[in-house]
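Here is protein.txt, consisting of compact mmCIF, C-alpha atoms and all ligand atoms:
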# COMPACT_ATOMS: atom_id res chain seq x y z
CA MET N 14 -38.48 104.33 -8.08
CA THR N 15 -35.59 105.88 -10.01
CA THR N 16 -35.95 106.38 -13.75
CA THR N 17 -32.30 105.70 -14.60
CA PRO N 18 -31.45 102.24 -13.33
CA LEU N 19 -28.79 101.98 -10.63
CA LYS N 20 -25.37 101.22 -12.12
CA ILE N 21 -23.35 98.41 -10.67
CA ASN N 22 -19.56 98.26 -10.83
CA ALA N 23 -19.05 95.17 -13.00
CA LYS N 24 -15.26 95.37 -12.73
CA ARG N 25 -15.32 95.33 -8.92
CA PHE N 26 -17.87 92.51 -8.91
CA HIS N 27 -15.85 90.30 -11.30
CA HIS N 28 -12.70 91.02 -9.30
CA MET N 29 -14.46 89.46 -6.29
CA VAL N 30 -15.71 86.48 -8.33
CA ASP N 31 -12.31 85.87 -9.94
CA THR N 32 -10.45 86.08 -6.64
CA MET N 33 -12.89 83.96 -4.65
CA LYS N 34 -12.72 81.16 -7.20
CA THR N 35 -9.00 80.73 -6.46
CA PHE N 36 -9.72 79.50 -2.91
CA GLY N 37 -10.10 75.76 -3.28
CA ALA N 38 -9.58 75.90 -7.08
CA LEU N 39 -9.29 72.51 -8.80
CA PRO N 40 -7.08 71.79 -11.84
CA GLN N 41 -10.11 70.72 -13.91
CA GLY N 42 -12.01 73.92 -12.97
CA GLY N 43 -14.52 74.44 -10.17
CA ILE N 44 -13.69 74.36 -6.47
CA THR N 45 -13.66 72.20 -3.40
CA ARG N 46 -14.24 74.63 -0.54
CA ARG N 47 -15.96 72.73 2.20
CA ALA N 48 -17.23 74.64 5.19
CA LEU N 49 -14.62 75.35 7.89
CA SER N 50 -11.74 74.00 5.80
CA GLU N 51 -8.44 75.79 5.16
CA GLU N 52 -9.80 76.86 1.74
CA ASP N 53 -12.86 78.31 3.44
CA ARG N 54 -10.61 80.12 5.92
CA ALA N 55 -8.57 81.68 3.10
CA GLY N 56 -11.72 82.76 1.25
CA ARG N 57 -13.23 84.29 4.38
CA ALA N 58 -10.02 86.18 5.16
CA TRP N 59 -9.74 87.65 1.68
CA LEU N 60 -13.39 88.59 1.40
CA SER N 61 -13.45 90.24 4.84
CA GLY N 62 -10.33 92.22 4.01
CA PHE N 63 -11.65 93.28 0.62
CA ALA N 64 -15.02 94.34 2.01
CA ARG N 65 -13.31 96.39 4.76
CA SER N 66 -11.06 98.03 2.17
CA GLN N 67 -14.24 99.11 0.37
CA GLY N 68 -15.57 100.74 3.53
CA LEU N 69 -18.01 98.07 4.69
CA HIS N 70 -18.47 97.00 8.29
CA VAL N 71 -17.62 93.29 8.63
CA TRP N 72 -18.22 91.05 11.63
CA THR N 73 -18.81 87.41 12.58
CA ASP N 74 -21.27 85.87 15.01
CA PRO N 75 -20.76 82.77 17.21
CA ALA N 76 -21.63 80.46 14.26
CA ALA N 77 -18.94 82.15 12.12
CA ASN N 78 -21.55 83.66 9.81
CA LEU N 79 -19.83 86.58 8.04
CA HIS N 80 -21.84 89.81 8.07
CA PHE N 81 -21.31 92.84 5.80
CA SER N 82 -23.10 96.17 5.96
CA LEU N 83 -22.82 99.87 5.25
CA ASP N 84 -24.06 100.28 8.85
CA ASP N 85 -22.34 99.00 11.96
CA ARG N 86 -23.35 95.88 13.83
CA PRO N 87 -25.40 97.61 16.58
CA ALA N 88 -27.39 99.49 13.92
CA CYS N 89 -28.15 96.27 12.03
CA GLU N 90 -29.12 94.36 15.13
CA SER N 91 -31.29 97.05 16.70
CA GLN N 92 -33.26 98.22 13.66
CA ALA N 93 -35.50 96.44 11.18
CA VAL N 94 -33.01 95.28 8.54
CA ILE N 95 -33.32 93.95 5.04
CA MET N 96 -31.06 90.95 4.66
CA THR N 97 -29.56 89.19 1.70
CA GLY N 98 -26.91 86.52 1.43
CA SER N 99 -26.08 82.92 0.72
CA HIS N 100 -23.03 80.76 1.39
CA ILE N 101 -19.39 80.60 0.31
CA ASP N 102 -18.80 76.92 1.10
CA SER N 103 -19.08 74.36 -1.71
CA VAL N 104 -19.75 70.67 -2.12
CA PRO N 105 -16.67 68.57 -2.98
CA GLU N 106 -15.86 69.23 -6.65
CA GLY N 107 -18.47 71.92 -6.90
CA GLY N 108 -18.84 75.09 -8.92
CA TYR N 109 -17.32 78.49 -8.11
CA LEU N 110 -20.67 80.30 -8.28
CA ASP N 111 -23.35 78.38 -6.36
CA GLY N 112 -23.82 80.29 -3.07
CA THR N 113 -20.73 82.47 -3.47
CA TYR N 114 -22.47 84.37 -6.25
CA GLY N 115 -25.29 85.49 -3.94
CA VAL N 116 -22.85 86.72 -1.29
CA LEU N 117 -20.63 88.65 -3.72
CA ALA N 118 -23.68 90.07 -5.52
CA GLY N 119 -25.02 91.27 -2.16
CA ILE N 120 -21.74 93.02 -1.37
CA GLU N 121 -21.63 94.63 -4.82
CA ALA N 122 -25.27 95.73 -4.41
CA LEU N 123 -24.41 97.51 -1.14
CA LEU N 124 -21.36 99.18 -2.65
CA SER N 125 -23.16 100.35 -5.78
CA ILE N 126 -26.06 101.72 -3.72
CA ARG N 127 -23.52 103.61 -1.60
CA ASP N 128 -21.63 104.83 -4.67
CA ALA N 129 -24.89 106.18 -6.11
CA GLY N 130 -25.38 108.23 -2.93
CA ILE N 131 -28.78 106.70 -2.21
CA THR N 132 -30.02 106.95 1.38
CA LEU N 133 -31.75 103.94 2.87
CA SER N 134 -34.68 103.89 5.28
CA ARG N 135 -33.59 100.53 6.65
CA PRO N 136 -30.07 99.06 6.90
CA LEU N 137 -29.06 96.42 4.37
CA GLU N 138 -27.07 93.46 5.65
CA VAL N 139 -25.33 90.73 3.64
CA VAL N 140 -24.59 87.41 5.32
CA ALA N 141 -22.35 84.55 4.18
CA PHE N 142 -23.89 81.67 6.10
CA THR N 143 -21.67 78.92 7.49
CA ASP N 144 -21.99 75.39 6.09
CA GLU N 145 -25.02 75.58 3.85
CA GLU N 146 -23.85 72.55 1.88
CA GLY N 147 -23.87 70.24 4.85
CA ARG N 148 -20.34 69.23 5.77
CA PHE N 149 -21.77 69.24 9.29
CA GLY N 150 -25.45 68.81 8.63
CA GLY N 151 -26.42 71.65 6.33
CA MET N 152 -27.68 75.22 6.71
CA LEU N 153 -25.90 75.42 10.04
CA GLY N 154 -25.33 79.17 9.92
CA SER N 155 -28.73 80.25 8.65
CA GLN N 156 -30.45 77.94 11.14
CA ALA N 157 -28.38 79.41 13.97
CA LEU N 158 -29.17 82.97 12.91
CA THR N 159 -32.90 82.29 12.64
CA GLY N 160 -33.05 80.36 15.92
CA LEU N 161 -33.86 77.05 14.21
CA LEU N 162 -30.62 75.21 15.04
CA ASP N 163 -30.67 72.41 17.60
CA CYS N 164 -27.60 73.73 19.45
CA GLU N 165 -27.31 70.64 21.67
CA ALA N 166 -27.36 68.28 18.68
CA ALA N 167 -24.73 70.45 16.98
CA ARG N 168 -22.20 69.37 19.63
CA SER N 169 -22.13 65.91 18.06
CA PHE N 170 -22.19 66.96 14.38
CA GLU N 171 -19.49 65.16 12.38
CA ASP N 172 -18.42 65.25 8.75
CA ASP N 173 -18.07 62.14 6.55
CA GLN N 174 -14.46 61.71 7.72
CA GLY N 175 -15.49 61.65 11.38
CA VAL N 176 -14.18 65.18 12.08
CA ARG N 177 -16.32 66.82 14.77
CA LEU N 178 -17.72 70.31 14.39
CA ALA N 179 -16.84 70.93 18.03
CA ASP N 180 -13.17 70.24 17.21
CA VAL N 181 -12.82 72.60 14.25
CA ALA N 182 -15.10 75.23 15.77
CA PRO N 183 -12.54 77.08 17.93
CA GLY N 184 -10.24 77.62 14.93
CA PHE N 185 -13.07 79.56 13.27
CA ASP N 186 -14.14 81.44 16.41
CA ILE N 187 -17.28 79.35 16.61
CA ASP N 188 -18.33 79.18 20.24
CA MET N 189 -20.27 75.93 20.71
CA ASN N 190 -21.56 77.25 24.06
CA ARG N 191 -22.87 80.42 22.49
CA LEU N 192 -24.41 79.13 19.25
CA ALA N 193 -27.85 80.06 20.54
CA ASP N 194 -26.68 83.69 20.84
CA CYS N 195 -26.62 83.87 17.04
CA ALA N 196 -30.39 83.88 16.96
CA ARG N 197 -31.62 87.26 15.83
CA ASP N 198 -34.91 88.84 16.79
CA MET N 199 -36.88 87.68 13.73
CA SER N 200 -39.35 90.55 14.13
CA LYS N 201 -36.43 92.86 13.31
CA ILE N 202 -35.59 91.12 10.04
CA ALA N 203 -37.98 93.00 7.82
CA GLY N 204 -37.25 90.90 4.75
CA TYR N 205 -34.83 88.49 3.17
CA ALA N 206 -33.98 88.20 -0.52
CA GLU N 207 -31.47 85.74 -1.97
CA LEU N 208 -29.93 85.69 -5.43
CA HIS N 209 -28.74 82.31 -6.66
CA ILE N 210 -27.86 80.54 -9.88
CA GLU N 211 -30.81 78.47 -11.03
CA GLN N 212 -29.01 75.11 -10.86
CA GLY N 213 -31.44 73.83 -13.48
CA PRO N 214 -32.21 74.22 -17.20
CA ARG N 215 -35.49 76.16 -17.21
CA LEU N 216 -34.41 79.77 -17.73
CA LEU N 217 -32.27 78.92 -20.74
CA GLU N 218 -34.95 76.66 -22.12
CA GLU N 219 -37.49 79.48 -21.89
CA GLN N 220 -34.96 82.07 -23.12
CA ALA N 221 -35.25 84.13 -19.96
CA GLU N 222 -32.44 85.73 -18.00
CA ILE N 223 -34.08 86.32 -14.63
CA GLY N 224 -36.18 83.89 -12.63
CA VAL N 225 -38.70 85.56 -10.34
CA VAL N 226 -38.96 82.82 -7.75
CA THR N 227 -42.55 82.16 -6.66
CA GLY N 228 -41.58 79.92 -3.76
CA ILE N 229 -39.32 77.17 -2.50
CA CYS N 230 -40.72 73.68 -2.96
CA GLY N 231 -41.64 71.66 0.10
CA LEU N 232 -40.20 68.18 0.50
CA TYR N 233 -40.86 64.72 1.84
CA LYS N 234 -37.95 62.35 2.13
CA LEU N 235 -39.41 58.86 2.48
CA ARG N 236 -37.73 55.59 3.30
CA ILE N 237 -39.54 52.72 1.62
CA GLN N 238 -38.90 49.06 2.19
CA PHE N 239 -40.19 46.02 0.30
CA ARG N 240 -39.73 42.61 1.92
CA GLY N 241 -39.98 39.30 0.12
CA GLU N 242 -38.19 35.97 0.41
CA ALA N 243 -34.59 35.13 -0.41
CA SER N 244 -34.25 32.09 -2.60
CA HIS N 245 -31.96 30.40 -5.11
CA ALA N 246 -31.60 32.37 -8.35
CA GLY N 247 -31.28 29.20 -10.41
CA THR N 248 -33.97 26.94 -8.99
CA THR N 249 -36.91 29.28 -8.23
CA PRO N 250 -39.30 29.71 -11.18
CA MET N 251 -40.13 33.32 -12.02
CA HIS N 252 -43.84 33.06 -11.08
CA LEU N 253 -43.08 31.64 -7.63
CA ARG N 254 -40.68 34.36 -6.52
CA LYS N 255 -41.18 36.96 -3.81
CA ASP N 256 -38.56 39.32 -5.22
CA ALA N 257 -38.35 42.49 -3.13
CA LEU N 258 -36.60 44.33 -5.95
CA THR N 259 -39.67 43.87 -8.15
CA GLY N 260 -41.56 46.09 -5.72
CA MET N 261 -39.12 48.94 -6.16
CA THR N 262 -38.81 48.67 -9.93
CA ARG N 263 -42.61 48.58 -10.40
CA LEU N 264 -42.92 51.69 -8.25
CA HIS N 265 -40.13 53.45 -10.09
CA THR N 266 -41.68 52.86 -13.52
CA ARG N 267 -45.10 54.03 -12.38
CA LEU N 268 -43.90 57.21 -10.60
CA PRO N 269 -43.86 59.63 -13.58
CA ALA N 270 -47.48 58.87 -14.50
CA LEU N 271 -48.60 58.93 -10.87
CA ILE N 272 -47.13 62.26 -9.81
CA GLY N 273 -47.37 63.94 -13.20
CA ALA N 274 -51.08 63.34 -13.48
CA ALA N 275 -52.90 65.43 -10.89
CA PRO N 276 -52.09 69.17 -10.77
CA GLU N 277 -51.05 71.45 -13.62
CA VAL N 278 -47.62 71.77 -12.02
CA PRO N 279 -46.29 68.24 -11.57
CA ALA N 280 -44.32 67.15 -8.54
CA VAL N 281 -40.83 65.70 -8.88
CA ALA N 282 -39.79 62.43 -7.27
CA THR N 283 -36.41 60.75 -7.11
CA ILE N 284 -35.23 57.38 -5.91
CA GLY N 285 -31.62 58.22 -5.13
CA PHE N 286 -30.42 55.55 -2.73
CA VAL N 287 -31.08 51.82 -2.94
CA ALA N 288 -29.86 48.96 -0.75
CA VAL N 289 -30.54 45.43 -1.94
CA GLU N 290 -30.23 42.55 0.52
CA PRO N 291 -28.68 40.11 0.79
CA GLY N 292 -26.95 41.59 -2.28
CA ALA N 293 -25.55 38.49 -3.93
CA ALA N 294 -25.63 37.72 -7.65
CA ASN N 295 -27.24 34.31 -7.21
CA VAL N 296 -29.81 35.15 -4.51
CA ILE N 297 -33.29 36.62 -5.07
CA PRO N 298 -33.42 39.81 -2.94
CA ASP N 299 -35.54 39.49 0.20
CA CYS N 300 -35.29 43.12 1.22
CA VAL N 301 -34.94 46.38 -0.70
CA THR N 302 -34.70 49.67 1.13
CA PHE N 303 -34.64 52.96 -0.76
CA THR N 304 -35.21 56.67 -0.38
CA LEU N 305 -37.78 58.68 -2.27
CA ASP N 306 -37.37 62.45 -2.44
CA LEU N 307 -40.67 64.14 -3.32
CA ARG N 308 -41.07 67.89 -3.91
CA HIS N 309 -43.85 70.31 -4.80
CA LEU N 310 -44.53 74.01 -4.35
CA ASP N 311 -48.07 73.47 -3.08
CA LEU N 312 -48.50 71.87 0.33
CA ASP N 313 -51.80 70.13 -0.51
CA ALA N 314 -50.40 68.75 -3.76
CA LEU N 315 -47.28 67.63 -1.91
CA ARG N 316 -49.37 65.74 0.66
CA GLN N 317 -51.69 64.24 -1.97
CA ASN N 318 -48.70 62.97 -3.90
CA ARG N 319 -47.21 61.43 -0.76
CA VAL N 320 -50.48 59.63 0.02
CA ALA N 321 -50.75 58.44 -3.60
CA ILE N 322 -47.23 57.02 -3.41
CA GLU N 323 -47.92 55.30 -0.09
CA THR N 324 -51.10 53.76 -1.52
CA LEU N 325 -49.31 52.59 -4.65
CA VAL N 326 -46.56 51.01 -2.54
CA GLN N 327 -49.16 48.91 -0.72
CA THR N 328 -50.93 47.97 -3.98
CA ILE N 329 -47.65 46.86 -5.55
CA ALA N 330 -46.81 44.88 -2.43
CA ARG N 331 -50.15 43.01 -2.64
CA GLU N 332 -49.82 42.37 -6.37
CA ASN N 333 -46.36 40.88 -5.87
CA ARG N 334 -46.88 39.01 -2.59
CA LEU N 335 -44.53 41.35 -0.74
CA GLU N 336 -44.68 43.34 2.45
CA ALA N 337 -44.03 47.06 2.42
CA GLN N 338 -43.38 49.91 4.78
CA CYS N 339 -43.10 53.67 4.27
CA ASP N 340 -41.48 56.06 6.76
CA ILE N 341 -41.08 59.82 6.58
CA LEU N 342 -37.40 60.65 7.17
CA SER N 343 -37.75 64.39 6.79
CA HIS N 344 -40.28 66.96 5.74
CA PHE N 345 -40.46 70.68 5.26
CA GLU N 346 -43.35 72.75 4.02
CA PRO N 347 -43.15 74.84 0.87
CA LEU N 348 -42.27 78.49 1.37
CA PRO N 349 -44.19 80.88 -0.89
CA CYS N 350 -42.21 84.00 -1.83
CA ASN N 351 -43.77 87.31 -0.87
CA PRO N 352 -45.80 88.70 -3.82
CA ASP N 353 -44.43 92.24 -3.26
CA ILE N 354 -40.85 91.00 -3.57
CA GLN N 355 -41.80 89.00 -6.67
CA ASP N 356 -43.28 92.17 -8.17
CA ALA N 357 -40.18 94.20 -7.25
CA VAL N 358 -37.94 91.64 -8.98
CA ALA N 359 -40.20 91.56 -12.04
CA ALA N 360 -40.38 95.37 -12.18
CA SER N 361 -36.59 95.66 -11.99
CA ALA N 362 -36.13 93.15 -14.80
CA SER N 363 -38.71 94.91 -16.95
CA ASN N 364 -37.18 98.40 -16.30
CA ARG N 365 -33.86 97.02 -17.41
CA GLY N 366 -35.24 95.22 -20.44
CA ILE N 367 -34.35 91.78 -19.10
CA ALA N 368 -36.59 88.83 -19.95
CA ALA N 369 -37.99 87.29 -16.77
CA ILE N 370 -40.26 84.37 -15.92
CA ARG N 371 -41.91 83.30 -12.67
CA MET N 372 -40.79 79.89 -11.48
CA PRO N 373 -40.52 77.85 -8.27
CA SER N 374 -37.23 76.80 -6.70
CA GLY N 375 -36.90 73.03 -6.57
CA ALA N 376 -33.78 73.32 -4.42
CA ALA N 377 -33.77 74.41 -0.80
CA HIS N 378 -31.68 77.46 0.09
CA ASP N 379 -30.73 79.43 3.20
CA ALA N 380 -33.81 81.54 2.39
CA LEU N 381 -36.00 78.70 3.63
CA ASN N 382 -35.04 79.47 7.23
CA PHE N 383 -36.43 82.99 6.98
CA ARG N 384 -40.06 81.82 6.80
CA ALA N 385 -40.87 83.60 10.09
CA THR N 386 -40.22 87.00 8.49
CA GLY N 387 -43.17 86.41 6.16
CA ASN N 388 -41.17 88.38 3.62
CA VAL N 389 -38.84 86.16 1.63
CA GLY N 390 -37.90 86.45 -2.02
CA MET N 391 -35.47 84.77 -4.39
CA ILE N 392 -33.98 85.64 -7.76
CA PHE N 393 -32.42 83.19 -10.22
CA VAL N 394 -29.98 83.68 -13.09
CA PRO N 395 -29.37 81.00 -15.75
CA SER N 396 -27.03 78.05 -15.24
CA GLU N 397 -25.39 76.99 -18.52
CA GLY N 398 -26.36 73.41 -19.27
CA GLY N 399 -28.47 73.47 -16.10
CA LEU N 400 -25.38 72.28 -14.23
CA SER N 401 -24.53 72.90 -10.60
CA HIS N 402 -22.73 70.98 -7.85
CA ASN N 403 -20.42 70.26 -10.75
CA THR N 404 -17.00 71.70 -11.66
CA LYS N 405 -18.45 72.69 -15.08
CA GLU N 406 -20.98 75.01 -13.45
CA PHE N 407 -20.99 78.29 -15.40
CA THR N 408 -23.07 81.41 -15.91
CA LYS N 409 -22.29 84.03 -18.56
CA PRO N 410 -20.73 87.20 -17.06
CA GLU N 411 -23.52 89.38 -18.46
CA HIS N 412 -26.14 87.17 -16.80
CA LEU N 413 -24.27 87.44 -13.50
CA GLU N 414 -24.20 91.23 -13.81
CA GLN N 415 -27.92 91.38 -14.60
CA GLY N 416 -28.60 89.36 -11.46
CA VAL N 417 -26.55 91.76 -9.31
CA ALA N 418 -28.42 94.76 -10.75
CA VAL N 419 -31.83 93.16 -10.16
CA LEU N 420 -30.82 92.20 -6.62
CA ALA N 421 -29.70 95.78 -5.92
CA ASP N 422 -33.01 97.18 -7.23
CA THR N 423 -34.96 94.64 -5.19
CA LEU N 424 -33.07 95.38 -1.97
CA LEU N 425 -33.63 99.10 -2.53
CA ALA N 426 -37.35 98.55 -3.04
CA MET N 427 -37.46 96.44 0.14
CA ALA N 428 -35.43 98.91 2.21
CA ASN N 429 -37.18 102.05 1.04
CA GLY N 430 -40.62 100.67 0.19
CA ALA N 431 -43.76 101.28 2.26
CA SER N 432 -44.46 97.66 3.22
CA SER N 433 -42.40 95.87 5.83
ZN ZN U 1 -26.32 77.15 -2.87
Please re-express this file's structure in structure tokens.
Ligand SMILES: [Zn+2]
Amino acid sequence: MTTTPLKINAKRFHHMVDTMKTFGALPQGGITRRALSEEDRAGRAWLSGFARSQGLHVWTDPAANLHFSLDDRPACESQAVIMTGSHIDSVPEGGYLDGTYGVLAGIEALLSIRDAGITLSRPLEVVAFTDEEGRFGGMLGSQALTGLLDCEAARSFEDDQGVRLADVAPGFDIDMNRLADCARDMSKIAGYAELHIEQGPRLLEEQAEIGVVTGICGLYKLRIQFRGEASHAGTTPMHLRKDALTGMTRLHTRLPALIGAAPEVPAVATIGFVAVEPGAANVIPDCVTFTLDLRHLDLDALRQNRVAIETLVQTIARENRLEAQCDILSHFEPLPCNPDIQDAVAASASNRGIAAIRMPSGAAHDALNFRATGNVGMIFVPSEGGLSHNTKEFTKPEHLEQGVAVLADTLLAMANGASS
């Protein structure tokens, strides 16, 4: 470990941030830069050109993931590499930082390590993953690279306007027949660390500037349905109703107490989509279908909470003379961050006099797909107002710079450290 902390080039880093935020810029601030759009194309072209002008090797794979390294492609693909990255696509009316920050920070980390004349035992590789935000399904690029993408299913991926991935793919040099070739030998990815804005309020609330991420929360997305009986809104007395909506509202009110009770770290649960049938002002609803998004960092706690919710749904159904059904729409297990990476992040922050706290990530990130490496870490910087996926998303420049410096230190520790 060096005694004088590595210096990053803040001017060069902000030049990248300020230029990238022009691609897809909105008049009210923020960006719309959906994956594989013309805005995305312009951003990719500029960033590739800039990185090359700084002496980096730049290449794309068959999923249009953009790779950057001080080493050439064969070196990165044949040796055990340390990888970092994120995504440069945005949600509609999103912020200019989100994933772009992690990509630009990775590039600046490589350049400042090179400028400092430090030799690396393992190559460092930065990747801007295609379509993290889900224009065509979500995490397309990082799933392809880690071999987790269903390449056959990808042929029929469409966006919300009915545009097919297969149709825009050729314009971005995505080869639908060779998507599987993106998959890297996971035993040769020695570690993956991702820097991201927090997208929540905790760091600012706890007056910390760096979040040492302890893991990415696991998730259950449930579809719950209550069924009752449709009837006239004017003629059916309240006590004789079988109102399906009552089931959902009773559940919703009881959720905070239910999931907040058990472990010391409470789960979070959200009912984010509701469909009421038949959906008329003068008819008592006979069917309510809704989603419930449940997250927790601990797999056992996550499962216990799911079972508790399913049990409560049945209890509420009985109490209200309704029928109920719960289905699991999707599930992924929590991903604990490697303790050595957590310690490297914490040590960097402490060497630099930056206040850090350990915290889980409630949001999923490209990092999730690197589970098989057994060596994943994440770093957070504050989000002003806790806002993200919002044009008002903002992080103070000095916080951004601190994140880049801590990422650079962490990548160095991973590339030159003893453990793999
Ligand atoms: Zn993101």
Exercise for the section: Name the residues, by chain letter and number, that sit within 10 Å of ligand ZN 1 (chain U) using all atoms listed in the file, and give them as a PyMOL selection string. Expected result: chain N and resi 99-104+108+110-115+145-146+152+208-212+376-379+401-402
Shell around range 34-37 of chain N at 7 Å using all atoms listed in the file, local window under 2 positions removed, as a PDB file with C-alpha atoms, in the coordinates of the input:
ATOM      1  CA  VAL N  30     -15.710  86.480  -8.330  1.00  0.00           C
ATOM      2  CA  ASP N  31     -12.310  85.870  -9.940  1.00  0.00           C
ATOM      3  CA  THR N  32     -10.450  86.080  -6.640  1.00  0.00           C
ATOM      4  CA  LEU N  39      -9.290  72.510  -8.800  1.00  0.00           C
ATOM      5  CA  ILE N  44     -13.690  74.360  -6.470  1.00  0.00           C
ATOM      6  CA  THR N  45     -13.660  72.200  -3.400  1.00  0.00           C
ATOM      7  CA  ARG N  46     -14.240  74.630  -0.540  1.00  0.00           C
ATOM      8  CA  GLU N  52      -9.800  76.860   1.740  1.00  0.00           C
ATOM      9  CA  ALA N  55      -8.570  81.680   3.100  1.00  0.00           C
ATOM     10  CA  GLY N  56     -11.720  82.760   1.250  1.00  0.00           C
ATOM     11  CA  TYR N 109     -17.320  78.490  -8.110  1.00  0.00           C
TER      12      TYR N 109
END
Practice task
Record the distance separating CA of Gly430 in chain N and CA of Ala359 in chain N, expressed in Å with one decimal.
Solution key: 15.3 Å
Handout entry: Contacts of range 282-288 of chain N at 12 Å (all atoms listed in the file; same-chain gap of 3+ positions) as a ChimeraX atom specification
Key = /N:231-239,257-258,261-262,264-273,279,291-293,298-309,315,318-319,322,375
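Distance check against Ala380 in chain N using all atoms listed in the file: of N:Glu90, N:Glu332, N:Glu219, N:Glu207, the minimum falls on N:Glu207.
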